[in-house]
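Structure data follow from target_33.tsv (TSV, C-alpha atoms and all ligand atoms):
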chain	number	residue	atom	x	y	z
A	1	MET	CA	21.42	27.78	-24.95
A	2	ALA	CA	19.95	24.31	-25.21
A	3	ALA	CA	21.67	22.31	-22.48
A	4	GLU	CA	21.03	18.62	-21.86
A	5	PRO	CA	18.00	18.09	-19.62
A	6	LEU	CA	19.14	17.45	-16.03
A	7	PRO	CA	18.17	14.27	-14.16
A	8	GLY	CA	16.26	14.44	-10.90
A	9	LEU	CA	13.61	12.92	-8.69
A	10	VAL	CA	10.04	14.11	-8.17
A	11	VAL	CA	9.73	14.66	-4.41
A	12	ALA	CA	6.31	16.34	-4.23
A	13	LEU	CA	3.35	17.35	-6.38
A	14	VAL	CA	1.67	20.71	-5.85
A	15	ALA	CA	-1.36	21.45	-8.06
A	16	ASN	CA	-0.02	21.37	-11.64
A	17	PHE	CA	3.58	21.67	-10.57
A	18	CYS	CA	6.08	19.28	-9.11
A	19	TRP	CA	9.18	19.71	-6.99
A	20	VAL	CA	12.19	18.03	-8.53
A	21	GLN	CA	15.29	17.25	-6.49
A	22	LEU	CA	18.25	17.42	-8.89
A	23	ASP	CA	20.85	14.65	-8.78
A	24	GLN	CA	23.55	17.34	-8.95
A	25	PRO	CA	23.06	20.85	-7.52
A	26	GLY	CA	23.05	23.53	-10.20
A	27	ALA	CA	24.08	27.19	-10.28
A	28	ASP	CA	24.44	28.74	-6.82
A	29	GLY	CA	23.90	25.30	-5.27
A	30	VAL	CA	20.21	25.16	-6.25
A	31	GLU	CA	19.03	21.61	-5.49
A	32	ARG	CA	15.29	21.82	-6.01
A	33	LEU	CA	13.26	23.22	-8.86
A	34	LEU	CA	9.55	23.93	-9.08
A	35	CYS	CA	8.65	22.43	-12.43
A	36	THR	CA	5.76	22.53	-14.86
A	37	ARG	CA	4.86	19.47	-16.88
A	38	ARG	CA	5.36	19.53	-20.62
A	39	THR	CA	2.22	18.77	-22.59
A	40	ARG	CA	3.80	15.90	-24.47
A	41	LEU	CA	4.08	13.95	-21.25
A	42	GLY	CA	0.38	14.51	-20.86
A	43	LYS	CA	-0.33	13.36	-24.41
A	44	SER	CA	1.41	10.04	-23.93
A	45	GLY	CA	-1.10	9.57	-21.13
A	46	GLN	CA	1.56	9.48	-18.46
A	47	SER	CA	1.03	11.41	-15.30
A	48	ILE	CA	3.91	12.16	-13.02
A	49	CYS	CA	4.01	10.62	-9.55
A	50	VAL	CA	6.14	11.33	-6.54
A	51	GLY	CA	9.11	8.97	-6.84
A	52	ASP	CA	9.37	9.33	-10.62
A	53	ARG	CA	12.79	9.88	-12.18
A	54	VAL	CA	12.61	12.78	-14.63
A	55	ARG	CA	14.74	15.10	-16.73
A	56	VAL	CA	14.31	18.82	-16.45
A	57	ASP	CA	15.03	21.56	-18.97
A	58	GLY	CA	14.10	25.20	-19.55
A	59	ILE	CA	15.76	25.96	-16.22
A	60	ASP	CA	15.68	29.45	-14.75
A	61	TRP	CA	18.19	29.09	-11.91
A	62	GLN	CA	17.39	32.43	-10.33
A	63	ALA	CA	13.68	31.78	-10.11
A	64	GLY	CA	14.27	28.14	-9.23
A	65	ARG	CA	11.96	27.02	-12.03
A	66	GLY	CA	12.10	24.46	-14.81
A	67	ALA	CA	9.99	22.07	-16.85
A	68	VAL	CA	9.82	18.28	-16.83
A	69	ALA	CA	10.90	17.18	-20.31
A	70	VAL	CA	11.30	13.42	-19.88
A	71	LEU	CA	9.66	10.86	-17.62
A	72	GLU	CA	11.92	7.82	-17.13
A	73	PRO	CA	10.45	4.30	-17.05
A	74	ARG	CA	9.18	3.13	-13.66
A	75	GLN	CA	10.18	0.07	-11.67
A	76	GLY	CA	7.01	-0.22	-9.66
A	77	LEU	CA	4.03	1.75	-8.51
A	78	LEU	CA	2.07	1.89	-5.30
A	79	GLU	CA	-1.35	2.89	-6.60
A	80	ARG	CA	-2.81	4.60	-3.57
A	81	PRO	CA	-1.13	6.63	-2.22
A	82	ALA	CA	0.48	7.02	-5.66
A	83	VAL	CA	4.26	6.65	-5.38
A	84	ALA	CA	6.55	5.39	-8.16
A	85	ASN	CA	9.74	3.34	-7.87
A	86	VAL	CA	8.85	2.13	-4.40
A	87	THR	CA	11.34	-0.32	-2.88
A	88	ARG	CA	9.61	-0.88	0.46
A	89	VAL	CA	6.05	-0.36	1.66
A	90	VAL	CA	5.70	0.38	5.35
A	91	VAL	CA	2.13	-0.18	6.49
A	92	VAL	CA	1.49	1.75	9.69
A	93	VAL	CA	-1.53	1.06	11.90
A	94	ALA	CA	-2.10	2.14	15.49
A	95	LEU	CA	-2.47	-0.41	18.28
A	96	ALA	CA	-4.99	2.04	19.82
A	97	GLU	CA	-6.47	5.50	19.10
A	98	PRO	CA	-7.74	4.53	16.55
A	99	ALA	CA	-8.14	0.86	17.48
A	100	LEU	CA	-6.51	-1.71	15.22
A	101	ASP	CA	-9.06	-3.07	12.73
A	102	PRO	CA	-7.81	-6.38	11.23
A	103	MET	CA	-9.87	-5.96	8.04
A	104	GLN	CA	-8.61	-2.44	7.45
A	105	LEU	CA	-5.06	-3.60	8.15
A	106	THR	CA	-5.51	-6.50	5.73
A	107	ARG	CA	-6.67	-4.14	2.96
A	108	PHE	CA	-3.57	-1.97	3.48
A	109	LEU	CA	-1.35	-5.05	3.42
A	110	LEU	CA	-2.99	-6.19	0.18
A	111	THR	CA	-2.30	-2.89	-1.62
A	112	ALA	CA	1.25	-3.07	-0.31
A	113	GLU	CA	1.68	-6.66	-1.55
A	114	CYS	CA	0.41	-5.59	-5.00
A	115	THR	CA	3.67	-3.68	-5.54
A	116	GLY	CA	5.69	-6.91	-5.32
A	117	GLN	CA	8.12	-5.09	-3.00
A	118	PRO	CA	9.03	-6.01	0.60
A	119	VAL	CA	6.33	-5.04	3.08
A	120	LEU	CA	7.10	-3.91	6.62
A	121	LEU	CA	4.34	-3.74	9.20
A	122	VAL	CA	4.61	-1.10	11.92
A	123	LEU	CA	2.26	-1.10	14.91
A	124	SER	CA	2.28	2.43	16.31
A	125	LYS	CA	1.26	3.99	19.65
A	126	ALA	CA	2.63	1.03	21.62
A	127	ASP	CA	2.49	3.30	24.69
A	128	CYS	CA	-1.33	3.18	24.52
A	129	LEU	CA	-1.69	-0.56	25.16
A	130	PRO	CA	-0.50	-2.93	27.94
A	131	THR	CA	2.66	-4.81	26.93
A	132	ALA	CA	0.89	-8.18	26.92
A	133	GLU	CA	-1.63	-6.91	24.35
A	134	VAL	CA	1.12	-5.44	22.20
A	135	GLU	CA	2.89	-8.81	22.37
A	136	ALA	CA	-0.33	-10.59	21.35
A	137	TRP	CA	-0.66	-8.40	18.24
A	138	LEU	CA	2.98	-8.99	17.36
A	139	GLN	CA	2.47	-12.74	17.57
A	140	ARG	CA	-0.77	-12.63	15.65
A	141	THR	CA	0.61	-10.58	12.75
A	142	ALA	CA	3.81	-12.66	12.69
A	143	ALA	CA	1.61	-15.69	12.02
A	144	TRP	CA	0.17	-13.82	9.03
A	145	GLY	CA	3.72	-13.59	7.70
A	146	TYR	CA	4.58	-10.10	8.97
A	147	PRO	CA	7.23	-9.83	11.69
A	148	ALA	CA	6.06	-6.38	12.79
A	149	LEU	CA	7.77	-3.57	14.70
A	150	ALA	CA	5.89	-2.10	17.66
A	151	ILE	CA	6.84	1.55	18.06
A	152	SER	CA	5.93	4.66	19.98
A	153	SER	CA	6.84	8.13	18.81
A	154	ARG	CA	6.03	9.29	22.34
A	155	THR	CA	8.36	7.00	24.30
A	156	GLY	CA	10.80	6.21	21.50
A	157	VAL	CA	10.20	2.46	21.74
A	158	GLY	CA	11.10	0.66	18.51
A	159	LEU	CA	12.37	3.78	16.75
A	160	ASP	CA	15.98	2.62	16.45
A	161	ALA	CA	14.91	-0.58	14.73
A	162	LEU	CA	12.65	1.37	12.39
A	163	ARG	CA	15.36	3.92	11.65
A	164	GLN	CA	17.65	1.09	10.64
A	165	ARG	CA	15.10	-0.35	8.22
A	166	LEU	CA	14.32	3.05	6.71
A	167	ALA	CA	18.01	3.86	6.24
A	168	GLU	CA	18.31	1.18	3.55
A	169	PRO	CA	18.74	2.78	0.12
A	170	GLY	CA	15.61	3.23	-1.98
A	171	ILE	CA	12.16	4.71	-1.61
A	172	ALA	CA	10.08	3.59	1.36
A	173	VAL	CA	6.46	4.68	1.70
A	174	LEU	CA	4.62	5.08	4.97
A	175	CYS	CA	0.95	4.34	4.40
A	176	GLY	CA	-2.00	3.67	6.67
A	177	PRO	CA	-5.14	5.18	8.14
A	178	SER	CA	-5.32	8.83	9.20
A	179	GLY	CA	-4.22	9.58	12.74
A	180	VAL	CA	-2.00	6.53	13.31
A	181	GLY	CA	1.10	8.71	13.62
A	182	LYS	CA	2.87	8.46	10.26
A	183	SER	CA	4.00	12.09	10.29
A	184	SER	CA	4.76	11.87	14.01
A	185	VAL	CA	7.20	9.02	13.48
A	186	LEU	CA	9.05	10.95	10.77
A	187	ASN	CA	9.27	13.92	13.13
A	188	ALA	CA	10.62	11.61	15.82
A	189	LEU	CA	13.26	10.24	13.43
A	190	ARG	CA	14.16	13.68	12.02
A	191	PRO	CA	12.87	16.50	14.25
A	192	GLU	CA	14.00	19.22	11.83
A	193	LEU	CA	11.28	18.10	9.38
A	194	GLY	CA	8.64	19.71	11.58
A	195	LEU	CA	5.75	17.95	9.82
A	196	ARG	CA	2.22	18.90	10.78
A	197	VAL	CA	0.45	16.38	13.03
A	198	GLY	CA	-3.21	16.45	14.12
A	199	ALA	CA	-4.99	15.07	17.16
A	200	VAL	CA	-7.44	12.22	16.73
A	201	SER	CA	-11.06	12.93	17.64
A	202	GLY	CA	-14.53	11.44	18.04
A	203	ARG	CA	-15.77	8.18	19.46
A	204	LEU	CA	-13.66	6.16	17.02
A	205	GLN	CA	-10.61	8.35	17.62
A	206	ARG	CA	-10.25	8.92	13.91
A	207	GLY	CA	-7.52	11.07	12.41
A	208	ARG	CA	-8.31	14.40	10.75
A	209	HIS	CA	-6.49	13.92	7.45
A	210	THR	CA	-3.75	16.27	8.50
A	211	THR	CA	-1.21	15.34	5.80
A	212	ARG	CA	-2.58	16.45	2.42
A	213	HIS	CA	0.18	15.56	-0.04
A	214	VAL	CA	2.67	12.82	-0.65
A	215	GLU	CA	6.20	14.03	-0.04
A	216	LEU	CA	9.61	12.36	-0.02
A	217	PHE	CA	12.17	13.07	2.69
A	218	ALA	CA	15.77	11.89	2.98
A	219	LEU	CA	16.49	9.88	6.12
A	220	ALA	CA	19.99	8.78	5.12
A	221	PRO	CA	22.08	9.11	1.96
A	222	GLY	CA	20.09	7.43	-0.83
A	223	ALA	CA	17.30	6.49	1.57
A	224	LEU	CA	14.05	8.35	1.01
A	225	VAL	CA	10.80	7.99	2.90
A	226	ALA	CA	7.39	9.19	1.73
A	227	ASP	CA	4.89	10.61	4.16
A	228	THR	CA	1.38	10.20	2.75
A	229	PRO	CA	-2.17	11.29	3.58
A	230	GLY	CA	-4.02	8.64	5.58
A	231	PHE	CA	-7.25	7.12	4.30
A	232	ASN	CA	-9.61	4.50	5.62
A	233	ARG	CA	-10.48	1.92	3.04
A	234	PRO	CA	-7.96	0.82	0.41
A	235	GLN	CA	-9.36	-0.78	-2.75
A	236	LEU	CA	-8.97	-4.50	-3.30
A	237	PRO	CA	-7.11	-5.78	-6.37
A	238	GLU	CA	-9.25	-5.67	-9.52
A	239	ASP	CA	-8.94	-9.35	-10.31
A	240	PRO	CA	-10.32	-11.39	-7.39
A	241	SER	CA	-8.37	-14.48	-8.41
A	242	LEU	CA	-5.15	-12.62	-7.57
A	243	LEU	CA	-6.13	-12.26	-3.91
A	244	ALA	CA	-4.75	-15.57	-2.68
A	245	GLY	CA	-1.25	-14.69	-3.85
A	246	LEU	CA	-1.32	-11.55	-1.72
A	247	PHE	CA	-1.71	-13.39	1.61
A	248	PRO	CA	1.83	-14.49	2.67
A	249	GLU	CA	0.53	-17.24	4.96
A	250	LEU	CA	-1.48	-18.69	2.05
A	251	ARG	CA	1.41	-18.30	-0.33
A	252	GLN	CA	3.77	-20.06	2.05
A	253	ARG	CA	1.46	-23.00	2.73
A	254	LEU	CA	0.79	-23.48	-0.98
A	255	GLU	CA	4.51	-23.67	-1.68
A	256	GLN	CA	4.62	-26.82	0.43
A	257	GLN	CA	1.28	-28.37	-0.38
A	258	ARG	CA	-1.00	-28.07	-3.38
A	259	CYS	CA	-4.77	-27.92	-3.48
A	260	ARG	CA	-6.64	-30.55	-5.48
A	261	PHE	CA	-7.85	-28.02	-8.04
A	262	SER	CA	-5.33	-25.63	-9.47
A	263	ASN	CA	-7.92	-22.83	-9.52
A	264	CYS	CA	-8.94	-23.50	-5.90
A	265	LEU	CA	-10.21	-20.39	-4.13
A	266	HIS	CA	-9.42	-21.82	-0.68
A	267	GLN	CA	-12.93	-21.55	0.65
A	268	GLU	CA	-13.13	-24.90	2.40
A	269	ASP	CA	-13.31	-26.64	-0.97
A	270	PRO	CA	-12.68	-30.40	-0.87
A	271	GLY	CA	-8.98	-31.09	-1.34
A	272	CYS	CA	-7.98	-27.55	-0.33
A	273	ALA	CA	-4.53	-27.48	1.28
A	274	MET	CA	-5.44	-24.41	3.35
A	275	GLY	CA	-8.72	-25.45	4.96
A	276	ARG	CA	-10.28	-22.86	7.25
A	277	ASP	CA	-7.96	-23.32	10.16
A	278	TRP	CA	-6.02	-20.09	9.73
A	279	ASP	CA	-6.51	-16.75	11.45
A	280	ARG	CA	-7.23	-14.62	8.41
A	281	PHE	CA	-9.55	-17.12	6.72
A	282	PRO	CA	-12.70	-15.04	7.47
A	283	LEU	CA	-10.93	-11.87	6.31
A	284	TYR	CA	-9.75	-13.58	3.15
A	285	SER	CA	-13.25	-14.87	2.40
A	286	GLN	CA	-14.77	-11.44	2.95
A	287	CYS	CA	-12.18	-9.83	0.66
A	288	LEU	CA	-12.99	-12.39	-2.02
A	289	VAL	CA	-16.71	-11.60	-1.82
A	290	ASP	CA	-16.07	-7.84	-1.82
A	291	ALA	CA	-13.60	-8.03	-4.72
A	292	LEU	CA	-16.06	-10.02	-6.81
A	293	ALA	CA	-18.90	-7.63	-6.06
A	294	GLU	CA	-16.67	-4.76	-7.16
A	295	ALA	CA	-15.61	-6.60	-10.33
A	296	GLU	CA	-19.26	-7.23	-11.21
A	297	ARG	CA	-20.15	-3.62	-10.56
A	298	GLN	CA	-17.34	-2.56	-12.90
A	299	ASP	CA	-18.56	-5.08	-15.47
A	300	ARG	CA	-22.06	-3.66	-15.43
A	301	SER	CA	-20.84	-0.11	-15.78
A	302	GLY	CA	-18.64	-1.23	-18.69
A	303	GLY	CA	-15.55	-0.31	-16.73
A	304	ARG	CA	-13.72	-3.53	-17.49
A	305	THR	CA	-13.59	-6.08	-20.26
A	306	ASP	CA	-11.78	-9.03	-18.71
A	307	GLN	CA	-13.65	-11.72	-16.81
A	308	PRO	CA	-12.25	-12.55	-13.43
A	309	GLY	CA	-13.13	-16.21	-13.98
A	310	LEU	CA	-15.18	-16.33	-10.82
A	311	ARG	CA	-18.83	-16.39	-10.05
A	312	GLN	CA	-20.76	-15.84	-6.87
A	313	ARG	CA	-23.03	-18.41	-5.30
A	314	GLY	CA	-24.72	-17.14	-2.18
A	315	SER	CA	-21.93	-15.81	-0.05
A	316	ARG	CA	-19.34	-18.04	-1.75
A	317	LEU	CA	-17.23	-17.56	-4.81
A	318	GLU	CA	-16.46	-20.33	-7.22
A	319	PRO	CA	-14.23	-20.46	-10.23
A	320	ARG	CA	-16.10	-20.57	-13.54
A	321	LEU	CA	-15.07	-24.08	-14.40
A	322	ASP	CA	-13.86	-25.13	-17.77
A	323	PRO	CA	-16.61	-27.58	-18.98
A	324	SER	CA	-14.01	-30.32	-19.47
A	325	LEU	CA	-12.98	-30.02	-15.85
A	326	ARG	CA	-16.55	-30.19	-14.68
A	327	GLN	CA	-16.91	-33.83	-15.54
A	328	GLY	CA	-14.34	-34.56	-12.89
A	329	SER	CA	-16.75	-33.73	-10.12
A	330	ARG	CA	-19.96	-35.70	-9.92
A	331	ARG	CA	-20.78	-34.13	-6.61
A	332	ARG	CA	-20.46	-30.70	-8.10
A	333	GLN	CA	-22.58	-31.69	-11.09
A	334	ARG	CA	-25.26	-32.98	-8.77
A	335	GLN	CA	-25.03	-29.86	-6.70
A	336	GLU	CA	-25.40	-27.71	-9.76
A	337	LEU	CA	-28.51	-29.59	-10.85
A	338	LEU	CA	-29.96	-28.99	-7.41
A	339	ASP	CA	-29.06	-25.32	-7.62
A	340	GLY	CA	-30.59	-25.11	-11.08
A	341	GLU	CA	-27.36	-23.88	-12.62
A	342	PRO	CA	-25.82	-25.10	-15.83
A	401	LIG	N1	0.05	8.15	22.42
A	401	LIG	C1	0.65	8.35	21.25
A	401	LIG	N2	0.15	9.24	20.38
A	401	LIG	C2	0.76	9.41	19.21
A	401	LIG	C3	1.90	8.64	18.84
A	401	LIG	N3	2.27	9.00	17.59
A	401	LIG	C4	1.40	9.95	17.20
A	401	LIG	N4	0.49	10.20	18.18
A	401	LIG	C5	-0.60	11.18	18.10
A	401	LIG	O1	-1.52	10.76	17.13
A	401	LIG	C6	-2.11	11.89	16.47
A	401	LIG	C7	-2.00	11.74	14.96
A	401	LIG	O2	-0.64	11.81	14.56
A	401	LIG	P1	-0.20	12.15	13.06
A	401	LIG	O3	1.27	11.97	13.03
A	401	LIG	O4	-0.76	13.44	12.62
A	401	LIG	O5	-0.92	10.97	12.27
A	401	LIG	P2	-0.86	10.67	10.69
A	401	LIG	O6	-0.82	9.20	10.54
A	401	LIG	O7	0.24	11.43	10.06
A	401	LIG	O8	-2.28	11.21	10.18
A	401	LIG	P3	-2.67	11.79	8.71
A	401	LIG	O9	-1.67	12.80	8.32
A	401	LIG	O10	-4.03	12.38	8.93
A	401	LIG	O11	-2.72	10.61	7.80
A	401	LIG	C8	-1.39	13.10	17.03
A	401	LIG	O12	-2.19	13.67	18.05
A	401	LIG	C9	-0.12	12.54	17.62
A	401	LIG	O13	0.37	13.29	18.70
A	401	LIG	C10	2.41	7.69	19.78
A	401	LIG	O14	3.38	6.98	19.57
A	401	LIG	N5	1.73	7.58	20.97
A	402	MG	MG	0.32	12.83	8.59
A	403	ZN	ZN	-7.27	-24.33	-1.78

Re-express the file's structure as structure tokens.
Ligand SMILES: Nc1nc2c(ncn2[C@@H]2O[C@H](COP(=O)(O)OP(=O)(O)OP(=O)(O)O)[C@@H](O)[C@H]2O)c(=O)[nH]1
Ligand SMILES: [Mg+2]
Ligand SMILES: [Zn+2]
Amino acid sequence: MAAEPLPGLVVALVANFCWVQLDQPGADGVERLLCTRRTRLGKSGQSICVGDRVRVDGIDWQAGRGAVAVLEPRQGLLERPAVANVTRVVVVVALAEPALDPMQLTRFLLTAECTGQPVLLVLSKADCLPTAEVEAWLQRTAAWGYPALAISSRTGVGLDALRQRLAEPGIAVLCGPSGVGKSSVLNALRPELGLRVGAVSGRLQRGRHTTRHVELFALAPGALVADTPGFNRPQLPEDPSLLAGLFPELRQRLEQQRCRFSNCLHQEDPGCAMGRDWDRFPLYSQCLVDALAEAERQDRSGGRTDQPGLRQRGSRLEPRLDPSLRQGSRRRQRQELLDGEP
């Protein structure tokens, strides 16, 4: 009997299988099926992610098994941790144990911004830091454009506010370094989940990579939250010229005021509307240098074909100028003669 494939949501991946939560329970109230992937999905080059909408057929209700027959188009993708159809990215970093590292936090915020979805910043383990220091971090990150929530899974501080945000319909993803308390906060919000948590250890109080898989949990009707494995160093976007658009404070300033050159990289260039008088300027500059170095490395290994339109000079990046634009800047021409560059 060839029934219509049934719609559902991929809630977890396990080796070559995935767990699919059916939109409508089937025979005997079965809600979840362990599914194999059909080869034709593989041939079209598409790999299934948690958060994907799929259709399942070949169902054996008694064994609770089926096969993914159709992968529906995606709205958006968080690349790492891989989650499809994300509607909110919740970046979680600890205020202490492990200590908050502004560069690491910035890299997480950048991957979150890449999705184009709303980003919520959560500062965890508020019980580990004096209130004044927590307040200072809240003010600092608010100036970056992130009105953050300070929470503690231990004392319960901030959990009601977070619960409210996570109860909005859609798919929210908790992401951040290992050991910051992502699984702990889900346990605090829904104790029956009983997720595994692991103590931090070592001089840097690093986490132990306790969570191994991405998994979606329901916090309210229609509101799903993904717990994800922590990691330390998110990749930067492939195209370095996209970086500026991923810093909300830069984005906001540039909406009001324009730089002299439309391809300005905001590195203290003359006529730059941003200048250097903003907190994350050094972090932004470092990201730009790192992103370019990565792009060049990819270029050399033949990993990419597009040119980012930037070049490195010492520790600075400059746009590769269109020759017609170059004539506009005598100073730059002179400088280039001095540098021995074309
Ligand atoms: N003091 C304090 N400790 C906390 C808090 N939340 C979590 N912890 C502790 O931090 C450690 C790590 O917690 P986890 O929830 O496993 O962290 P995680 O972010 O899920 O880590 P990974 O799964 O490795 O990515 C555990 O020992 C928790 O008890 C908190 O609010 N305050
Ligand atoms: Mg965890
Ligand atoms: Zn500028």

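If you count all atoms listed in the file and ignore residues fewer than 5 places along the chain from A:Arg74, what sits within 12 Å of it is A:Leu9, A:Gln46, A:Ser47, A:Ile48, A:Cys49, A:Val50, A:Gly51, A:Asp52, A:Arg53, A:Val54, A:Val83, A:Ala84, A:Asn85, A:Val86, A:Thr87, A:Thr115.
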
Exercise. Dump the neighbourhood of ligand ZN 403 (chain A) as number ranges by chain: all residues within 10 Å, distances computed on only C-alpha atoms and all ligand atoms.
Key: A: 244, 250, 253-254, 257-276

Set up a box along x, y and z of the file covering all listed atoms of ligand LIG 401 (chain A), add 6 Å on every one of the six sides, and write the centre and edge lengths in Å to one decimal, as lines of an AutoDock Vina configuration file.
center_x = -0.3
center_y = 10.3
center_z = 15.1
size_x = 19.4
size_y = 18.7
size_z = 26.6

Practice problem: Give the answer as one residue: which of A:His213, A:Arg163, A:Arg65, A:Arg88 has the shortest atom-to-atom distance to A:Arg32, using all atoms listed in the file? | Solution: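 Looking only at the distances to A:Arg32, the closest residue turns out to be A:Arg65.
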
Within 6 Å of ligand LIG 401 (chain A), which residues of chain A come that close, and what is the closest atom pair and distance in Å for each? Count only C-alpha atoms and all ligand atoms and give it as a Markdown table.
| residue | atom | partner | partner_atom | distance |
| --- | --- | --- | --- | --- |
| A:Ser124 | CA | A:LIG401 | O14 | 5.7 |
| A:Lys125 | CA | A:LIG401 | O14 | 3.7 |
| A:Asp127 | CA | A:LIG401 | N5 | 5.7 |
| A:Cys128 | CA | A:LIG401 | N1 | 5.6 |
| A:Ser152 | CA | A:LIG401 | O14 | 3.5 |
| A:Ser153 | CA | A:LIG401 | O14 | 3.7 |
| A:Arg154 | CA | A:LIG401 | O14 | 4.5 |
| A:Pro177 | CA | A:LIG401 | O11 | 6.0 |
| A:Ser178 | CA | A:LIG401 | O11 | 3.4 |
| A:Gly179 | CA | A:LIG401 | O8 | 3.6 |
| A:Val180 | CA | A:LIG401 | O6 | 4.0 |
| A:Gly181 | CA | A:LIG401 | O3 | 3.3 |
| A:Lys182 | CA | A:LIG401 | O6 | 3.8 |
| A:Ser183 | CA | A:LIG401 | O7 | 3.8 |
| A:Ser184 | CA | A:LIG401 | O3 | 3.6 |
| A:Val197 | CA | A:LIG401 | O4 | 3.2 |
| A:Gly198 | CA | A:LIG401 | O4 | 4.2 |
| A:Ala199 | CA | A:LIG401 | O12 | 3.3 |
| A:Val200 | CA | A:LIG401 | C6 | 5.3 |
| A:Gly207 | CA | A:LIG401 | O10 | 5.1 |
| A:Arg208 | CA | A:LIG401 | O10 | 5.1 |
| A:His209 | CA | A:LIG401 | O10 | 3.3 |
| A:Thr210 | CA | A:LIG401 | O10 | 3.9 |
| A:Thr211 | CA | A:LIG401 | O9 | 3.6 |
| A:Pro229 | CA | A:LIG401 | O11 | 4.3 |
| A:Gly230 | CA | A:LIG401 | O11 | 3.2 |

Self-check item: Residue nearest A:Glu238 among A:Leu292, A:Pro221, A:Val214, A:Asn187 (counting only C-alpha atoms)
Solution: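 Selected residue with least distance to A:Glu238: A:Leu292.
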
Quiz item: How far is it from atom CA of A:Trp144 to atom CA of A:Pro248, in Å with one decimal?
Solution: 6.6 Å

Local residues around (-15.1, 7.1, 20.7), at most 10 Å away, using only C-alpha atoms, as a PDB file with C-alpha atoms, in the frame of the given file:
ATOM      1  CA  GLU A  97      -6.470   5.500  19.100  1.00  0.00           C
ATOM      2  CA  PRO A  98      -7.740   4.530  16.550  1.00  0.00           C
ATOM      3  CA  ALA A  99      -8.140   0.860  17.480  1.00  0.00           C
ATOM      4  CA  SER A 201     -11.060  12.930  17.640  1.00  0.00           C
ATOM      5  CA  GLY A 202     -14.530  11.440  18.040  1.00  0.00           C
ATOM      6  CA  ARG A 203     -15.770   8.180  19.460  1.00  0.00           C
ATOM      7  CA  LEU A 204     -13.660   6.160  17.020  1.00  0.00           C
ATOM      8  CA  GLN A 205     -10.610   8.350  17.620  1.00  0.00           C
ATOM      9  CA  ARG A 206     -10.250   8.920  13.910  1.00  0.00           C
TER      10      ARG A 206
END

Quiz prompt | Option closest in space to A:Val93, from A:Gly145, A:Gly26, A:Gly156, A:Gly176 [counting all atoms listed in the file] | solution = A:Gly176

Quiz prompt | Counting all atoms listed in the file, the residue of A:Asp277, A:Glu255, A:Glu215, A:Asp299 that sits nearest ligand MG 402 (chain A) | solution = A:Glu215

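Taking atom CA of A:Gly58 as the reference point, atom CA of A:Pro25 is found at 15.6 Å.
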
Quiz item: Just how far from atom CA of A:Leu6 is atom CA of A:Val89, in Å to one decimal?
Solution: 28.3 Å

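For the choices A:Ile171, A:Val289, A:Val92, A:Leu109, the atom-to-atom distance to A:Gly76 is smallest for A:Ile171 when using only C-alpha atoms.
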
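Minimum atom-to-atom distance to A:Glu79, evaluated using all atoms listed in the file, belongs to A:Pro237 out of A:Gln24, A:Pro237, A:Thr131, A:Arg297.
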